[in-house]
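> Structure: entry18.txt, compact mmCIF, C-alpha atoms.
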# COMPACT_ATOMS: atom_id res chain seq x y z
CA MET A 173 2.19 19.45 -28.43
CA ASP A 174 3.37 20.04 -24.87
CA ARG A 175 7.00 19.19 -24.12
CA ARG A 176 8.69 19.62 -20.74
CA ALA A 177 12.37 19.37 -19.88
CA PHE A 178 13.48 17.00 -17.17
CA LEU A 179 13.11 18.49 -13.72
CA LYS A 180 16.52 17.18 -12.67
CA THR A 181 19.52 16.14 -14.69
CA SER A 182 20.75 12.56 -14.63
CA ALA A 183 23.80 12.91 -16.88
CA ALA A 184 26.47 12.30 -14.25
CA LEU A 185 24.63 9.89 -11.96
CA PRO A 186 25.86 6.31 -11.52
CA ALA A 187 23.84 3.43 -12.97
CA ALA A 188 25.96 0.44 -12.00
CA ALA A 189 23.90 -2.72 -11.69
CA LEU A 190 23.97 -4.63 -8.41
CA ALA A 191 25.83 -7.86 -8.23
CA SER A 192 23.60 -10.91 -8.57
CA ARG A 193 22.23 -12.24 -5.27
CA PRO A 194 21.52 -15.97 -5.45
CA LEU A 195 18.99 -17.47 -3.05
CA ALA A 196 21.68 -18.58 -0.63
CA ALA A 197 22.74 -14.97 -0.11
CA LEU A 198 19.31 -14.09 1.21
CA ALA A 199 19.81 -16.20 4.31
CA ALA A 200 22.24 -13.65 5.76
CA ASN A 201 20.28 -11.01 7.64
CA GLN A 202 22.37 -8.01 6.66
CA PRO A 203 21.37 -4.33 6.34
CA TRP A 204 21.78 -4.24 2.58
CA SER A 205 21.12 -0.51 2.28
CA ASP A 206 24.58 0.20 3.73
CA GLY A 207 26.97 0.43 0.80
CA ILE A 208 24.51 -0.85 -1.79
CA ALA A 209 24.94 0.72 -5.23
CA TRP A 210 22.21 2.79 -6.81
CA ARG A 211 20.63 1.65 -10.09
CA THR A 212 19.14 4.05 -12.63
CA PHE A 213 15.98 3.30 -14.61
CA GLU A 214 13.84 4.88 -17.26
CA VAL A 215 10.12 4.11 -17.50
CA THR A 216 7.93 5.26 -20.39
CA ALA A 217 4.14 5.10 -20.20
CA ARG A 218 1.78 5.83 -23.10
CA ILE A 219 -2.02 5.92 -22.99
CA GLU A 220 -4.53 6.20 -25.81
CA LEU A 221 -8.18 6.95 -25.20
CA LEU A 222 -10.31 4.66 -27.33
CA LYS A 223 -13.74 5.78 -28.52
CA PRO A 224 -13.35 9.43 -27.40
CA ALA A 225 -16.55 11.31 -26.72
CA GLY A 226 -16.89 14.93 -25.65
CA THR A 227 -14.34 16.16 -23.13
CA SER A 228 -11.86 13.40 -22.33
CA ARG A 229 -9.34 13.16 -19.51
CA ALA A 230 -6.49 10.92 -18.41
CA TRP A 231 -4.38 10.53 -15.28
CA LEU A 232 -1.05 8.70 -15.08
CA PRO A 233 0.76 7.98 -11.80
CA LEU A 234 4.26 9.43 -11.57
CA PRO A 235 7.18 8.35 -9.37
CA LEU A 236 7.08 9.08 -5.66
CA ALA A 237 7.15 12.85 -5.16
CA GLU A 238 9.66 12.79 -2.28
CA ASP A 239 13.06 11.10 -2.21
CA THR A 240 13.80 8.40 0.37
CA ASP A 241 16.86 6.41 1.40
CA TYR A 242 15.98 3.81 -1.28
CA PHE A 243 14.52 6.01 -4.06
CA ARG A 244 15.58 9.20 -5.86
CA GLY A 245 13.47 10.82 -8.54
CA LEU A 246 15.30 12.28 -11.54
CA GLY A 247 12.30 13.94 -13.13
CA SER A 248 9.75 13.35 -15.87
CA ALA A 249 9.13 14.64 -19.40
CA TRP A 250 5.93 14.33 -21.37
CA THR A 251 4.30 14.88 -24.73
CA GLY A 252 0.84 14.43 -26.22
CA ASN A 253 -1.97 16.01 -28.24
CA ALA A 254 -4.14 17.16 -25.32
CA GLY A 255 -5.09 20.80 -24.92
CA VAL A 256 -3.94 20.61 -21.29
CA ILE A 257 -1.11 18.45 -19.90
CA ARG A 258 0.16 19.29 -16.44
CA LEU A 259 1.72 17.90 -13.32
CA VAL A 260 -0.57 17.59 -10.30
CA ARG A 261 0.67 17.13 -6.74
CA GLN A 262 -1.39 15.87 -3.80
CA PRO A 263 1.05 16.40 -0.91
CA ASP A 264 -0.89 14.51 1.77
CA TYR A 265 0.24 11.19 0.30
CA ASP A 266 3.37 12.32 -1.60
CA THR A 267 1.35 11.75 -4.76
CA ALA A 268 2.29 13.07 -8.19
CA MET A 269 0.30 12.42 -11.35
CA LEU A 270 0.16 13.65 -14.92
CA PHE A 271 -3.22 15.12 -15.90
CA ALA A 272 -4.30 15.48 -19.54
CA GLU A 273 -7.53 16.91 -20.94
CA TRP A 274 -8.92 17.00 -24.48
CA THR A 275 -11.76 19.44 -25.11
CA GLN A 276 -11.29 19.42 -28.89
CA ALA A 277 -11.94 16.30 -30.96
CA VAL A 278 -8.82 14.43 -32.14
CA ASP A 279 -8.64 11.06 -33.87
CA THR A 280 -6.51 9.38 -31.22
CA PRO A 281 -6.12 11.21 -27.90
CA TYR A 282 -2.77 10.21 -26.43
CA VAL A 283 -0.19 11.23 -23.89
CA GLU A 284 3.24 9.78 -23.18
CA VAL A 285 5.44 10.37 -20.14
CA MET A 286 9.03 9.31 -19.52
CA SER A 287 10.41 9.19 -15.96
CA ARG A 288 13.92 8.53 -14.69
CA PHE A 289 14.80 7.52 -11.15
CA MET A 290 17.29 5.65 -9.01
CA THR A 291 16.71 2.85 -6.52
CA ARG A 292 18.75 0.65 -4.23
CA ASP A 293 17.81 -2.43 -2.26
CA ARG A 294 16.28 -1.69 1.09
CA ALA A 295 16.58 -3.52 4.41
CA VAL A 296 16.27 -2.76 8.11
CA ASP A 297 18.47 -4.37 10.74
CA LEU A 298 15.67 -5.68 12.93
CA ARG A 299 18.15 -6.92 15.53
CA ALA A 300 18.93 -3.29 16.37
CA ALA A 301 15.23 -2.43 16.51
CA ARG A 302 14.21 -5.35 18.73
CA GLY A 303 13.60 -4.14 22.28
CA ASN A 304 14.99 -0.68 21.51
CA ALA A 305 12.61 2.25 21.11
CA GLY A 306 15.33 4.53 19.74
CA ARG A 307 15.30 8.32 19.70
CA GLY A 308 14.72 9.26 16.09
CA ALA A 309 12.10 8.81 13.36
CA GLN A 310 9.15 10.15 15.32
CA MET A 311 5.97 11.21 13.53
CA SER A 312 3.93 14.34 14.07
CA LYS A 313 0.41 14.03 15.48
CA ALA A 314 -1.01 14.73 12.01
CA GLU A 315 1.13 12.04 10.39
CA LEU A 316 0.28 9.59 13.13
CA ALA A 317 -3.44 10.24 12.67
CA GLN A 318 -3.17 9.80 8.91
CA HIS A 319 -1.42 6.44 9.13
CA LEU A 320 -3.84 5.11 11.75
CA ALA A 321 -7.02 6.30 10.03
CA PRO A 322 -9.51 4.01 8.30
CA THR A 323 -10.19 4.39 4.58
CA GLU A 324 -13.30 3.51 2.60
CA LEU A 325 -12.10 -0.05 2.03
CA ILE A 326 -9.82 -0.41 5.08
CA PRO A 327 -11.87 -0.12 8.28
CA THR A 328 -10.05 -0.43 11.58
CA ASP A 329 -12.86 -1.59 13.86
CA GLY A 330 -15.17 -4.61 14.09
CA ILE A 331 -13.91 -7.79 12.51
CA VAL A 332 -10.65 -6.14 11.43
CA ARG A 333 -9.64 -5.23 14.98
CA ALA A 334 -10.91 -8.56 16.34
CA THR A 335 -8.75 -10.43 13.82
CA ALA A 336 -5.68 -8.34 14.65
CA LEU A 337 -6.11 -8.90 18.38
CA LYS A 338 -6.38 -12.64 17.84
CA ALA A 339 -3.34 -12.71 15.53
CA THR A 340 -1.17 -10.76 18.01
CA ARG A 341 -2.23 -12.46 21.23
CA GLY A 342 0.83 -12.79 23.47
CA ALA A 343 3.04 -10.51 21.35
CA ARG A 344 4.67 -7.63 23.23
CA GLY A 345 5.72 -4.37 21.59
CA ASP A 346 4.93 -2.99 18.14
CA LEU A 347 7.71 -4.89 16.37
CA ALA A 348 6.53 -8.22 17.74
CA ARG A 349 2.89 -7.42 16.99
CA ALA A 350 3.69 -6.31 13.42
CA ARG A 351 5.63 -9.55 12.94
CA ALA A 352 2.75 -11.59 14.36
CA ILE A 353 0.35 -10.04 11.83
CA TYR A 354 2.82 -10.82 9.04
CA GLU A 355 3.08 -14.43 10.19
CA TRP A 356 -0.69 -14.73 10.43
CA MET A 357 -1.03 -13.47 6.87
CA VAL A 358 1.59 -15.80 5.46
CA GLU A 359 -0.17 -18.73 7.15
CA ASN A 360 -3.77 -17.79 6.37
CA THR A 361 -3.99 -15.82 3.11
CA PHE A 362 -3.36 -16.92 -0.46
CA ARG A 363 -2.80 -15.42 -3.89
CA ASP A 364 -5.92 -15.83 -6.01
CA PRO A 365 -5.06 -15.85 -9.74
CA LYS A 366 -8.70 -15.14 -10.62
CA THR A 367 -8.57 -11.69 -9.00
CA ARG A 368 -8.68 -8.88 -11.59
CA GLY A 369 -5.63 -6.67 -11.67
CA CYS A 370 -4.11 -6.28 -8.22
CA GLY A 371 -7.44 -6.41 -6.37
CA TRP A 372 -9.09 -3.40 -4.72
CA GLY A 373 -8.45 -4.24 -1.04
CA ASP A 374 -11.95 -4.62 0.43
CA ILE A 375 -10.61 -6.16 3.62
CA LYS A 376 -13.88 -6.24 5.56
CA ALA A 377 -15.45 -8.38 2.84
CA MET A 378 -12.41 -10.65 2.83
CA LEU A 379 -12.65 -11.26 6.57
CA GLU A 380 -16.44 -11.56 6.72
CA THR A 381 -16.61 -14.09 3.89
CA GLY A 382 -13.52 -15.96 5.03
CA HIS A 383 -12.14 -15.73 1.49
CA LEU A 384 -8.64 -14.54 2.35
CA GLY A 385 -7.43 -14.71 -1.22
CA GLY A 386 -6.53 -11.92 -3.60
CA LYS A 387 -3.53 -10.17 -5.01
CA CYS A 388 -1.15 -7.52 -3.71
CA GLY A 389 -3.78 -4.75 -3.51
CA ASP A 390 -5.86 -7.00 -1.27
CA LEU A 391 -3.15 -8.57 0.87
CA SER A 392 -1.16 -5.40 1.47
CA ALA A 393 -4.37 -3.56 2.40
CA LEU A 394 -5.23 -6.33 4.85
CA TYR A 395 -1.81 -6.02 6.49
CA VAL A 396 -2.18 -2.25 6.76
CA GLY A 397 -5.70 -2.47 8.17
CA LEU A 398 -4.77 -5.07 10.78
CA CYS A 399 -1.81 -2.97 11.94
CA ARG A 400 -3.78 0.27 12.10
CA SER A 401 -6.60 -1.38 14.03
CA ILE A 402 -4.30 -2.04 17.00
CA GLY A 403 -2.48 1.30 16.92
CA ILE A 404 0.51 0.51 14.69
CA PRO A 405 0.91 3.17 11.95
CA ALA A 406 1.02 1.50 8.54
CA ARG A 407 0.59 2.36 4.87
CA ASP A 408 0.35 0.83 1.42
CA VAL A 409 2.99 1.78 -1.13
CA TYR A 410 1.73 1.52 -4.71
CA GLY A 411 4.13 0.99 -7.59
CA ILE A 412 5.31 -1.19 -10.47
CA ARG A 413 8.10 -3.71 -11.05
CA VAL A 414 10.77 -2.42 -13.43
CA ALA A 415 13.45 -5.14 -13.64
CA ASP A 416 13.96 -8.86 -13.27
CA SER A 417 14.62 -10.08 -9.75
CA GLN A 418 18.24 -10.60 -8.74
CA TRP A 419 17.13 -12.64 -5.76
CA GLY A 420 16.53 -15.69 -7.93
CA TYR A 421 12.71 -15.45 -8.21
CA LYS A 422 11.17 -15.38 -11.69
CA SER A 423 7.80 -14.30 -10.26
CA LEU A 424 9.15 -11.24 -8.41
CA GLY A 425 10.43 -9.18 -11.33
CA LYS A 426 9.57 -7.85 -14.77
CA SER A 427 11.49 -5.85 -17.38
CA GLY A 428 10.80 -4.49 -20.84
CA ASP A 429 7.03 -4.38 -21.30
CA ILE A 430 5.82 -3.94 -17.71
CA SER A 431 2.25 -2.93 -18.55
CA GLY A 432 0.83 -5.57 -16.18
CA ALA A 433 3.57 -5.46 -13.52
CA GLN A 434 1.87 -3.16 -10.98
CA HIS A 435 2.65 -4.19 -7.41
CA CYS A 436 1.59 -2.90 -4.00
CA ARG A 437 3.74 -3.28 -0.89
CA ALA A 438 3.29 -2.30 2.77
CA GLU A 439 5.17 -0.58 5.58
CA PHE A 440 4.64 -0.16 9.29
CA HIS A 441 6.20 2.58 11.42
CA LEU A 442 8.31 1.72 14.44
CA ALA A 443 8.90 4.63 16.80
CA GLY A 444 12.56 5.57 16.85
CA HIS A 445 13.37 3.53 13.73
CA GLY A 446 11.04 4.76 11.01
CA TRP A 447 9.26 2.85 8.27
CA ILE A 448 9.81 -0.90 8.11
CA PRO A 449 9.22 -2.59 4.71
CA VAL A 450 7.14 -5.77 4.47
CA ASP A 451 5.59 -7.74 1.62
CA PRO A 452 3.41 -10.69 2.65
CA ALA A 453 1.74 -10.63 -0.78
CA ASP A 454 4.99 -11.58 -2.49
CA VAL A 455 5.51 -14.52 -0.14
CA ARG A 456 2.17 -15.88 -1.32
CA LYS A 457 3.13 -15.08 -4.94
CA VAL A 458 6.24 -17.23 -4.56
CA VAL A 459 4.07 -20.07 -3.20
CA LEU A 460 1.77 -19.94 -6.22
CA GLU A 461 4.01 -18.97 -9.12
CA GLU A 462 7.57 -20.14 -8.57
CA PRO A 463 8.36 -23.36 -10.43
CA PRO A 464 7.20 -26.01 -10.08
CA GLY A 465 4.26 -24.08 -8.57
CA LYS A 466 2.11 -24.52 -5.46
CA LEU A 467 5.18 -24.72 -3.26
CA PRO A 468 4.71 -25.59 0.43
CA LEU A 469 5.59 -22.94 3.01
CA SER A 470 8.39 -25.25 4.14
CA SER A 471 10.18 -25.16 0.76
CA GLU A 472 13.53 -23.40 0.60
CA LYS A 473 12.37 -20.80 -1.92
CA VAL A 474 9.35 -19.86 0.17
CA ARG A 475 11.22 -19.98 3.47
CA LEU A 476 13.86 -17.51 2.28
CA ALA A 477 11.28 -15.12 0.79
CA HIS A 478 9.22 -15.40 3.99
CA GLU A 479 12.20 -14.46 6.14
CA LYS A 480 13.51 -11.60 4.00
CA LEU A 481 10.22 -9.88 3.14
CA PHE A 482 9.68 -8.80 6.71
CA GLY A 483 12.15 -5.92 6.85
CA ALA A 484 13.45 -5.83 3.28
CA TRP A 485 12.45 -5.01 -0.29
CA GLU A 486 14.35 -5.73 -3.48
CA MET A 487 14.19 -2.41 -5.30
CA ASN A 488 13.61 -3.65 -8.84
CA TRP A 489 10.43 -1.66 -8.32
CA LEU A 490 9.26 1.93 -8.78
CA PRO A 491 7.19 3.42 -5.93
CA TYR A 492 4.36 5.73 -7.03
CA ASN A 493 2.55 6.90 -3.90
CA TYR A 494 0.78 6.01 -0.63
CA ALA A 495 -2.63 7.38 -1.61
CA HIS A 496 -6.04 5.98 -0.68
CA ASP A 497 -9.52 7.14 -1.77
CA VAL A 498 -8.10 9.25 -4.60
CA LYS A 499 -10.24 11.98 -6.14
CA LEU A 500 -8.89 12.40 -9.66
CA PRO A 501 -8.67 16.14 -10.40
CA GLY A 502 -11.29 17.25 -12.89
CA SER A 503 -12.99 13.85 -12.93
CA GLN A 504 -16.74 13.47 -13.07
CA GLY A 505 -16.50 10.00 -11.54
CA GLU A 506 -16.19 8.53 -8.07
CA LYS A 507 -13.00 8.30 -6.05
CA ILE A 508 -10.72 5.36 -6.81
CA PRO A 509 -9.31 3.20 -3.99
CA TYR A 510 -5.70 3.86 -5.06
CA LEU A 511 -3.63 5.30 -7.93
CA MET A 512 -1.48 2.53 -9.38
CA TYR A 513 -2.86 2.22 -12.91
CA PRO A 514 -3.32 4.87 -15.60
CA ASN A 515 -6.93 6.10 -15.64
CA GLY A 516 -9.10 7.71 -18.28
CA GLU A 517 -12.62 8.94 -18.90
CA THR A 518 -14.74 10.48 -21.63
CA ALA A 519 -18.17 12.07 -21.65
CA SER A 520 -19.47 8.48 -21.70
CA GLY A 521 -17.90 7.75 -18.32
CA ARG A 522 -14.85 6.23 -16.63
CA LYS A 523 -12.74 3.83 -18.66
CA ASP A 524 -11.84 0.35 -17.39
CA SER A 525 -8.09 0.43 -16.77
CA LEU A 526 -7.97 -3.37 -16.83
CA ASP A 527 -9.67 -3.75 -20.24
CA PRO A 528 -7.33 -3.03 -23.17
CA ASN A 529 -10.34 -2.88 -25.50
CA ASP A 530 -11.72 0.03 -23.48
CA PHE A 531 -8.54 1.85 -22.44
CA TYR A 532 -5.15 1.25 -24.03
CA TYR A 533 -1.87 1.83 -22.24
CA GLU A 534 1.65 0.50 -22.49
CA ILE A 535 4.46 0.87 -19.96
CA ASN A 536 8.09 -0.04 -20.70
CA SER A 537 11.19 0.03 -18.53
CA ARG A 538 14.91 -0.14 -19.12
CA GLU A 539 17.94 0.12 -16.90
CA LEU A 540 20.35 2.87 -17.92
CA SER A 541 24.07 2.30 -18.14
CA ALA A 542 26.52 4.44 -16.17
Before anything else, please render the file you have as structure tokens.


Amino acid sequence: MDRRAFLKTSAALPAAALASRPLAALAANQPWSDGIAWRTFEVTARIELLKPAGTSRAWLPLPLAEDTDYFRGLGSAWTGNAGVIRLVRQPDYDTAMLFAEWTQAVDTPYVEVMSRFMTRDRAVDLRAARGNAGRGAQMSKAELAQHLAPTELIPTDGIVRATALKATRGARGDLARARAIYEWMVENTFRDPKTRGCGWGDIKAMLETGHLGGKCGDLSALYVGLCRSIGIPARDVYGIRVADSQWGYKSLGKSGDISGAQHCRAEFHLAGHGWIPVDPADVRKVVLEEPPGKLPLSSEKVRLAHEKLFGAWEMNWLPYNYAHDVKLPGSQGEKIPYLMYPNGETASGRKDSLDPNDFYYEINSRELSA
């Protein structure tokens, strides 16, 4: 058994819950991050490799490796019956994962990891950003190149660029163009409940077929690709919901057993102001899943989500990483489009993370008291 102490202590950190924010409170466009209390969470993930054969491996995403103004990692501890269990960092995308390997036969290969972290609601005062380039939050040439580059499933030329140019016609400045893409997505995409998991984000296929439906992995990738194609740095942020929503939306939160609560969001970078949070996928989720269901864009619930999710995130959500085209260390398989689910493989091949009969995992969350 391999047991690690927490990397940071959380004994004296505050865990006061935020006051409830009813829907009416969302109408006020306020920079919530100023003075907003931090909340502390604990998430435990356990995987079991079914039908082990030969050398087996597993990879579990860990919380974002670097702290931000809305997230603070408090460390992780793990246990299991693997011969090797270790932390792996991939610094290019601030990615941390737990790697486990079994070279000796055991009845039930398993590993369990517990992570603690703090979050607070995030918002940007877009009134200050509008028409003002600012002096701070500049990116290096390497960072700029990374967040403008295509990935295997997110091209930035051809139909992607043509769609972005059409969506932003007449918009001036990066903020206005990023908003125009957001508006185009809210108007033209939809959440497809038949999509497996969160979707893999093959945006070229979406645009070429005209099927602009999917889930967060598809819709966030489309937003990122459209932005990058016209020179606006953008990135996906992969994570998981960890608490019920305090905004008044049943569909935008999950607590307790969060095994199926993975959620991908997006950001674009505005020179002088830094990363701006957006979430067009959750607007479409509200349309489809908020009672009574299939709400029109003009409904009050949708209208408020539509307005707030350009420039704000409710942080009942754990960010994992920004990584694309991930090569799992030690894996014999192909790259994966992103690291948001636990992954496993045996000598028989890669396990299906979305099939509990092939690869079992359970993730649970709880909010810690002060």

> Which distance in Å separates CA of Gly516 (chain A) and CA of Val396 (chain A), to one decimal?

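Rounded to one decimal, the two atoms are 27.8 Å apart.
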
> Have a look at A:Leu526, A:Leu398, A:Leu500, A:Leu384 and name the one nearest to Ala272 (chain A); count only C-alpha atoms.

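The answer is A:Leu500, which sits nearest to Ala272 (chain A).
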
> Within 8 Å of (-8.9, 4.3, 10.7) (file coordinates; all atoms listed in the file), which protein or nucleic acid residues are there? I'd like them as a list in words.

His319, Leu320, Ala321, Pro322, Thr323, Ile326, Pro327, Thr328, Asp329, Gly397, Arg400 and Ser401 of chain A

> Would you work out the distance separating CA of Thr280 (chain A) from CA of Pro233 (chain A), expressed in Å to one decimal?

20.8 Å

> Can you tell me, as a list of chain:residue names, which residues sit within 10 Å of (2.4, 15.4, -28.1) in the file's frame, using only C-alpha atoms?

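The residues that fall inside the cut-off are A:Met173, A:Asp174, A:Arg175, A:Trp250, A:Thr251, A:Gly252, A:Asn253, A:Ala254, A:Gly255, A:Ile257, A:Pro281, A:Tyr282, A:Val283, A:Glu284, A:Val285.
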
> Got a sec: who's within 6 Å of Asn488 (chain A), counting all atoms listed in the file, leaving out chain neighbours fewer than 2 positions off, as a PyMOL selection string?

chain A and resi 413-415+486

> Which is closest to Glu359 (chain A) among A:Ser431, A:Ser470, A:Asn536, A:Thr275, if we use only C-alpha atoms?

A:Ser470

> Given all atoms listed in the file as the basis, pick out the residue of A:Arg363, A:Arg333, A:Lys426, A:His478 nearest to Arg538 (chain A).

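Counting all atoms listed in the file, the residue closest to Arg538 (chain A) is A:Lys426.
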
> So that all listed atoms of region 408-423 of chain A fit with 3 Å spare on each side, what axis-aligned box centre and edge lengths in Å, to one decimal, would you give as lines of an AutoDock Vina configuration file?


center_x = 9.3
center_y = -7.0
center_z = -6.1
size_x = 23.9
size_y = 23.5
size_z = 21.1

> Would you tabulate, counting all atoms listed in the file, all residues of region 340-401 of chain A that have an atom at most 6 Å from an atom of region 434-442 of chain A, showing the closest pair of atoms and their distance in Å to one decimal, sorted by chain then ascending number, as a tab-separated table?


residue	atom	partner	partner_atom	distance
A:Cys388	CA	A:Cys436	CA	5.4
A:Gly389	CA	A:Cys436	CA	5.7
A:Ser392	CA	A:Ala438	CA	5.6

> Please dump the current selection as a short mmCIF file (atom, residue, chain, number, x, y, z; two decimals), in the coordinates of the input; keep C-alpha atoms.


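Result written to part-v3.cif:
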data_model
loop_
_atom_site.label_atom_id
_atom_site.label_comp_id
_atom_site.auth_asym_id
_atom_site.auth_seq_id
_atom_site.Cartn_x
_atom_site.Cartn_y
_atom_site.Cartn_z
CA CYS A 388 -1.15 -7.52 -3.71
CA GLY A 389 -3.78 -4.75 -3.51
CA SER A 392 -1.16 -5.40 1.47
#

> In terms of the shortest atom-to-atom distance over all atoms listed in the file, which of A:Leu246, A:Ala230, A:Ile353, A:Met487 is closest to Ser525 (chain A)?

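Result for the nearest residue to Ser525 (chain A): A:Ala230.
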
> Quick one: residues within 6 Å of region 479-481 of chain A, all atoms listed in the file, excluding same-chain residues fewer than 3 positions away - as a PyMOL selection string?

chain A and resi 450-451+476+484

> Just how far from CA of Ala237 (chain A) is CA of Ser312 (chain A), in Å to one decimal?

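Distance between the two atoms: 19.6 Å.
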
> Which of these residues is nearest to Lys499 (chain A), using all atoms listed in the file: A:Ala300, A:Leu469, A:Met269, A:Met311?

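Checking each of A:Ala300, A:Leu469, A:Met269, A:Met311 against Lys499 (chain A), counting all atoms listed in the file, the winner is A:Met269.
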
> Out of A:Ala295, A:Leu490, A:Ala348, A:Ile430, which residue has the shortest atom-to-atom distance to Val409 (chain A) when counting all atoms listed in the file?

A:Leu490
